[in-house]
$ cat target.json   # JSON, C-alpha atoms
[["chain", "number", "residue", "atom", "x", "y", "z"],
["S", 1085, "MET", "CA", 14.92, 13.74, -14.86],
["S", 1086, "SER", "CA", 14.75, 17.40, -14.00],
["S", 1087, "GLU", "CA", 13.70, 18.76, -10.63],
["S", 1088, "ARG", "CA", 10.64, 20.27, -12.29],
["S", 1089, "GLU", "CA", 9.57, 16.86, -13.62],
["S", 1090, "LYS", "CA", 10.13, 15.27, -10.20],
["S", 1091, "LYS", "CA", 8.03, 17.98, -8.58],
["S", 1092, "ASP", "CA", 5.28, 17.35, -11.13],
["S", 1093, "HIS", "CA", 5.23, 13.63, -10.30],
["S", 1094, "LEU", "CA", 5.24, 14.35, -6.57],
["S", 1095, "ASN", "CA", 2.26, 16.68, -7.06],
["S", 1096, "LYS", "CA", 0.46, 13.90, -8.91],
["S", 1097, "PHE", "CA", 1.19, 11.57, -6.01],
["S", 1098, "LYS", "CA", -0.08, 14.16, -3.54],
["S", 1099, "ASN", "CA", -3.29, 14.63, -5.54],
["S", 1100, "ALA", "CA", -3.84, 10.87, -5.70],
["S", 1101, "LEU", "CA", -3.33, 10.62, -1.94],
["S", 1102, "LEU", "CA", -5.76, 13.49, -1.30],
["S", 1103, "ASN", "CA", -8.35, 11.67, -3.43],
["S", 1104, "VAL", "CA", -8.28, 8.54, -1.25],
["S", 1105, "SER", "CA", -11.52, 8.54, 0.75],
["S", 1106, "PRO", "CA", -11.12, 8.49, 4.55],
["S", 1107, "GLU", "CA", -12.73, 5.06, 4.89],
["S", 1108, "TYR", "CA", -9.73, 3.50, 3.10],
["S", 1109, "PHE", "CA", -7.40, 4.60, 5.90],
["S", 1110, "GLY", "CA", -9.36, 2.33, 8.22],
["S", 1111, "ILE", "CA", -12.01, -0.06, 6.93],
["S", 1112, "PRO", "CA", -15.19, 0.02, 9.06],
["S", 1113, "ALA", "CA", -16.16, -3.44, 10.30],
["S", 1114, "ILE", "CA", -18.80, -5.05, 12.49],
["S", 1115, "HIS", "CA", -19.17, -4.19, 16.18],
["S", 1116, "GLY", "CA", -17.58, -0.78, 15.66],
["S", 1117, "GLN", "CA", -14.19, -2.24, 14.77],
["S", 1118, "VAL", "CA", -11.90, -0.56, 12.27],
["S", 1119, "HIS", "CA", -9.39, -2.61, 10.28],
["S", 1120, "MET", "CA", -6.12, -0.90, 9.38],
["S", 1121, "ASN", "CA", -5.77, -2.75, 6.10],
["S", 1122, "GLU", "CA", -2.66, -1.74, 4.17],
["S", 1123, "ARG", "CA", -3.67, -3.65, 1.07],
["S", 1124, "ALA", "CA", -7.12, -2.01, 0.80],
["S", 1125, "PHE", "CA", -5.53, 1.42, 1.24],
["S", 1126, "ALA", "CA", -2.78, 0.64, -1.28],
["S", 1127, "TYR", "CA", -5.30, -0.59, -3.85],
["S", 1128, "GLU", "CA", -7.31, 2.61, -3.55],
["S", 1129, "LEU", "CA", -4.16, 4.76, -3.80],
["S", 1130, "TYR", "CA", -3.17, 2.71, -6.85],
["S", 1131, "HIS", "CA", -6.60, 3.38, -8.36],
["S", 1132, "GLN", "CA", -6.21, 7.12, -7.79],
["S", 1133, "LEU", "CA", -2.69, 7.10, -9.29],
["S", 1134, "ARG", "CA", -3.92, 5.14, -12.29],
["S", 1135, "LYS", "CA", -6.68, 7.70, -12.90],
["S", 1136, "ILE", "CA", -4.17, 10.56, -12.77],
["S", 1137, "TYR", "CA", -1.68, 8.86, -15.11],
["S", 1138, "ASN", "CA", -4.35, 7.55, -17.50],
["S", 1139, "GLY", "CA", -3.59, 8.63, -21.06],
["S", 1140, "SER", "CA", 0.09, 9.27, -20.37],
["S", 1141, "ASN", "CA", 2.99, 6.97, -21.15],
["S", 1142, "TRP", "CA", 3.47, 6.24, -17.42],
["S", 1143, "TYR", "CA", 1.91, 3.27, -15.65],
["S", 1144, "ALA", "CA", 0.95, 2.68, -12.05],
["S", 1145, "ASN", "CA", 1.29, -0.91, -10.85],
["S", 1146, "GLY", "CA", 1.01, -2.64, -7.50],
["S", 1147, "GLU", "CA", 3.43, -5.12, -5.92],
["S", 1148, "LEU", "CA", 5.41, -5.48, -9.12],
["S", 1149, "ARG", "CA", 8.47, -7.73, -9.14],
["S", 1150, "LYS", "CA", 10.08, -5.60, -11.83],
["S", 1151, "GLY", "CA", 13.77, -6.26, -12.19],
["S", 1152, "LEU", "CA", 13.95, -8.65, -9.25],
["S", 1153, "THR", "CA", 16.47, -10.79, -11.12],
["S", 1154, "LEU", "CA", 18.74, -7.76, -11.49],
["S", 1155, "LEU", "CA", 19.44, -7.83, -7.75],
["S", 1156, "PRO", "CA", 20.16, -11.51, -7.05],
["S", 1157, "ASN", "CA", 22.62, -10.82, -4.23],
["S", 1158, "TYR", "CA", 20.23, -8.83, -2.08],
["S", 1159, "GLU", "CA", 19.76, -10.73, 1.18],
["S", 1160, "GLN", "CA", 15.99, -10.40, 1.04],
["S", 1161, "ASP", "CA", 15.39, -10.97, -2.65],
["S", 1162, "ASN", "CA", 11.81, -12.10, -2.05],
["S", 1163, "THR", "CA", 10.93, -8.83, -0.32],
["S", 1164, "LEU", "CA", 12.19, -6.49, -3.03],
["S", 1165, "ILE", "CA", 8.68, -5.76, -4.17],
["S", 1166, "PRO", "CA", 7.45, -2.20, -3.66],
["S", 1167, "ASP", "CA", 3.81, -1.73, -2.74],
["S", 1168, "LEU", "CA", 3.26, 0.62, -5.70],
["S", 1169, "VAL", "CA", 5.30, 1.89, -8.63],
["S", 1170, "VAL", "CA", 4.95, 4.47, -11.38],
["S", 1171, "HIS", "CA", 7.14, 3.53, -14.32],
["S", 1172, "HIS", "CA", 7.48, 2.58, -17.96],
["S", 1173, "HIS", "CA", 6.98, -1.06, -18.85],
["S", 1174, "LYS", "CA", 9.87, -3.13, -20.26],
["S", 1175, "THR", "CA", 12.66, -0.89, -18.99],
["S", 1176, "THR", "CA", 14.67, -0.11, -15.89],
["S", 1177, "THR", "CA", 16.16, 3.11, -17.19],
["S", 1178, "ASN", "CA", 13.28, 5.52, -16.65],
["S", 1179, "ASN", "CA", 11.26, 4.62, -13.57],
["S", 1180, "ILE", "CA", 9.56, 7.35, -11.55],
["S", 1181, "MET", "CA", 8.31, 6.25, -8.12],
["S", 1182, "ALA", "CA", 8.67, 3.29, -5.83],
["S", 1183, "ILE", "CA", 6.26, 3.52, -2.90],
["S", 1184, "GLU", "CA", 6.28, 1.57, 0.37],
["S", 1185, "ILE", "CA", 3.23, 1.85, 2.64],
["S", 1186, "LYS", "CA", 2.83, 1.15, 6.35],
["S", 1187, "SER", "CA", -0.68, 1.50, 7.77],
["S", 1188, "THR", "CA", -0.63, -0.02, 11.22],
["S", 1189, "PRO", "CA", -0.54, 1.99, 14.45],
["S", 1190, "THR", "CA", 2.02, -0.50, 15.77],
["S", 1191, "VAL", "CA", 4.63, -0.02, 13.04],
["S", 1192, "THR", "CA", 8.12, -0.39, 14.46],
["S", 1193, "GLY", "CA", 11.29, 1.53, 13.79],
["S", 1194, "SER", "CA", 12.94, -1.61, 12.43],
["S", 1195, "GLN", "CA", 10.09, -2.07, 9.91],
["S", 1196, "LEU", "CA", 10.52, 1.51, 8.73],
["S", 1197, "ILE", "CA", 14.29, 1.09, 8.45],
["S", 1198, "GLN", "CA", 13.79, -2.08, 6.40],
["S", 1199, "ASP", "CA", 11.48, -0.24, 4.00],
["S", 1200, "LEU", "CA", 13.92, 2.67, 3.74],
["S", 1201, "LYS", "CA", 16.69, 0.20, 2.85],
["S", 1202, "LYS", "CA", 14.50, -1.24, 0.09],
["S", 1203, "LEU", "CA", 13.71, 2.25, -1.22],
["S", 1204, "GLU", "CA", 17.42, 3.06, -1.28],
["S", 1205, "ILE", "CA", 18.00, 0.01, -3.47],
["S", 1206, "PHE", "CA", 15.08, 0.89, -5.76],
["S", 1207, "THR", "CA", 16.41, 4.43, -6.24],
["S", 1208, "ARG", "CA", 20.04, 3.52, -6.95],
["S", 1209, "PRO", "CA", 21.02, 4.90, -10.34],
["S", 1210, "GLY", "CA", 23.05, 3.11, -12.96],
["S", 1211, "GLU", "CA", 23.43, -0.05, -14.98],
["S", 1212, "GLY", "CA", 21.98, -3.10, -13.28],
["S", 1213, "TYR", "CA", 19.74, -1.12, -10.95],
["S", 1214, "LEU", "CA", 16.07, -0.18, -11.10],
["S", 1215, "ASN", "CA", 16.67, 3.58, -11.36],
["S", 1216, "TYR", "CA", 13.54, 4.89, -9.66],
["S", 1217, "HIS", "CA", 13.88, 8.67, -9.35],
["S", 1218, "ILE", "CA", 11.67, 8.97, -6.26],
["S", 1219, "GLY", "CA", 11.30, 6.67, -3.27],
["S", 1220, "ILE", "CA", 8.33, 7.29, -0.98],
["S", 1221, "LEU", "CA", 7.74, 5.79, 2.45],
["S", 1222, "LEU", "CA", 4.12, 6.54, 3.30],
["S", 1223, "VAL", "CA", 3.12, 5.91, 6.92],
["S", 1224, "ILE", "CA", -0.55, 6.26, 7.81],
["S", 1225, "ASN", "CA", -2.61, 5.55, 10.95],
["S", 1226, "SER", "CA", 0.41, 5.99, 13.18],
["S", 1227, "SER", "CA", 1.60, 8.71, 15.47],
["S", 1228, "PHE", "CA", 5.19, 8.55, 16.52]]
$ encode --input "target.json" --output "structure tokens"
Amino acid sequence: MSEREKKDHLNKFKNALLNVSPEYFGIPAIHGQVHMNERAFAYELYHQLRKIYNGSNWYANGELRKGLTLLPNYEQDNTLIPDLVVHHHKTTTNNIMAIEIKSTPTVTGSQLIQDLKKLEIFTRPGEGYLNYHIGILLVINSSF
């Protein structure tokens, strides 16, 4: 994949992110509470990605176990599930984005490192790997 194509996909991701309404970053609740709900945010981001990629030959999916059996020796094989992906179905040779999301103000460095390790595995090129061209760690609702 060329750098121009990667940039195009990153711009699509940016546009999808900018189209997520503010209330999805924190869900208003009773008594003035706000829930930092990663799943609700991820579903809305997925929806925005799906709208952008609609009509193309790329697909946005959430929490997809694509290719999990290709990596049987990974010590956390049950956690090798990205929050969102943009890819082609039925192949591991031309995947675009694997996205991990953290939405809590109390996210820890070790949680971020774990997600970065997963993204590194998702973006490894070659036979027997998932071959995502872009790995994104999206952290919201947190100030470091």
$ atom_distance --input "target.json" --atom1 "atom CA of S:Val1104" --atom2 "atom CA of S:Gly1116"
21.4 Å
$ atom_distance --input "target.json" --atom1 "atom CA of S:Gln1195" --atom2 "atom CA of S:Tyr1127"
20.7 Å
$ residues_around --input "target.json" --residues "S:Pro1189" --least-positions-apart "2" --cutoff "8 Å" --atoms "all atoms listed in the file" --output "JSON, numbers by chain"
{"S": [1187, 1191, 1224, 1225, 1226, 1227]}
$ closest_residue --input "target.json" --among "S:Ile1165, S:Leu1200, S:Ile1185, S:Leu1102" --to "S:Phe1125" --atoms "all atoms listed in the file"
S:Ile1185
$ atom_distance --input "target.json" --atom1 "atom CA of S:Glu1122" --atom2 "atom CA of S:Lys1090"
25.7 Å
$ closest_atom_pairs --input "target.json" --of "stretch 1112-1227 of chain S" --to "stretch 1085-1088 of chain S" --cutoff "10 Å" --atoms "only C-alpha atoms" --output "Markdown table"
| residue | atom | partner | partner_atom | distance |
| --- | --- | --- | --- | --- |
| S:Asn1178 | CA | S:Met1085 | CA | 8.6 |
| S:Asn1179 | CA | S:Met1085 | CA | 9.9 |
| S:Ile1180 | CA | S:Met1085 | CA | 9.0 |
| S:His1217 | CA | S:Met1085 | CA | 7.6 |
$ closest_residue --input "target.json" --among "S:Ile1197, S:Leu1214, S:Ala1124, S:Ala1182" --to "S:Ala1144" --atoms "all atoms listed in the file"
S:Ala1182
$ closest_residue --input "target.json" --among "S:Arg1123, S:His1115, S:His1172, S:Lys1091" --to "S:Gly1146" --atoms "all atoms listed in the file"
S:Arg1123
$ residues_around --input "target.json" --residues "S:Asp1199" --least-positions-apart "4" --cutoff "9 Å" --atoms "all atoms listed in the file" --output "compact mmCIF listing (two decimals) with C-alpha atoms, in the frame of the given file"
# COMPACT_ATOMS: atom_id res chain seq x y z
CA PRO S 1166 7.45 -2.20 -3.66
CA GLU S 1184 6.28 1.57 0.37
CA ILE S 1185 3.23 1.85 2.64
CA SER S 1194 12.94 -1.61 12.43
CA GLN S 1195 10.09 -2.07 9.91
CA LEU S 1203 13.71 2.25 -1.22
CA GLU S 1204 17.42 3.06 -1.28
CA LEU S 1221 7.74 5.79 2.45
$ closest_residue --input "target.json" --among "S:Asn1145, S:Thr1190, S:Gln1132, S:Gln1198" --to "S:Ser1105" --atoms "all atoms listed in the file"
S:Gln1132
$ closest_residue --input "target.json" --among "S:Val1223, S:Met1181, S:Ile1205, S:Ile1114" --to "S:Phe1097" --atoms "all atoms listed in the file"
S:Met1181
$ closest_residue --input "target.json" --among "S:Thr1176, S:Ala1126, S:Thr1188, S:Ser1140" --to "S:Glu1211" --atoms "only C-alpha atoms"
S:Thr1176
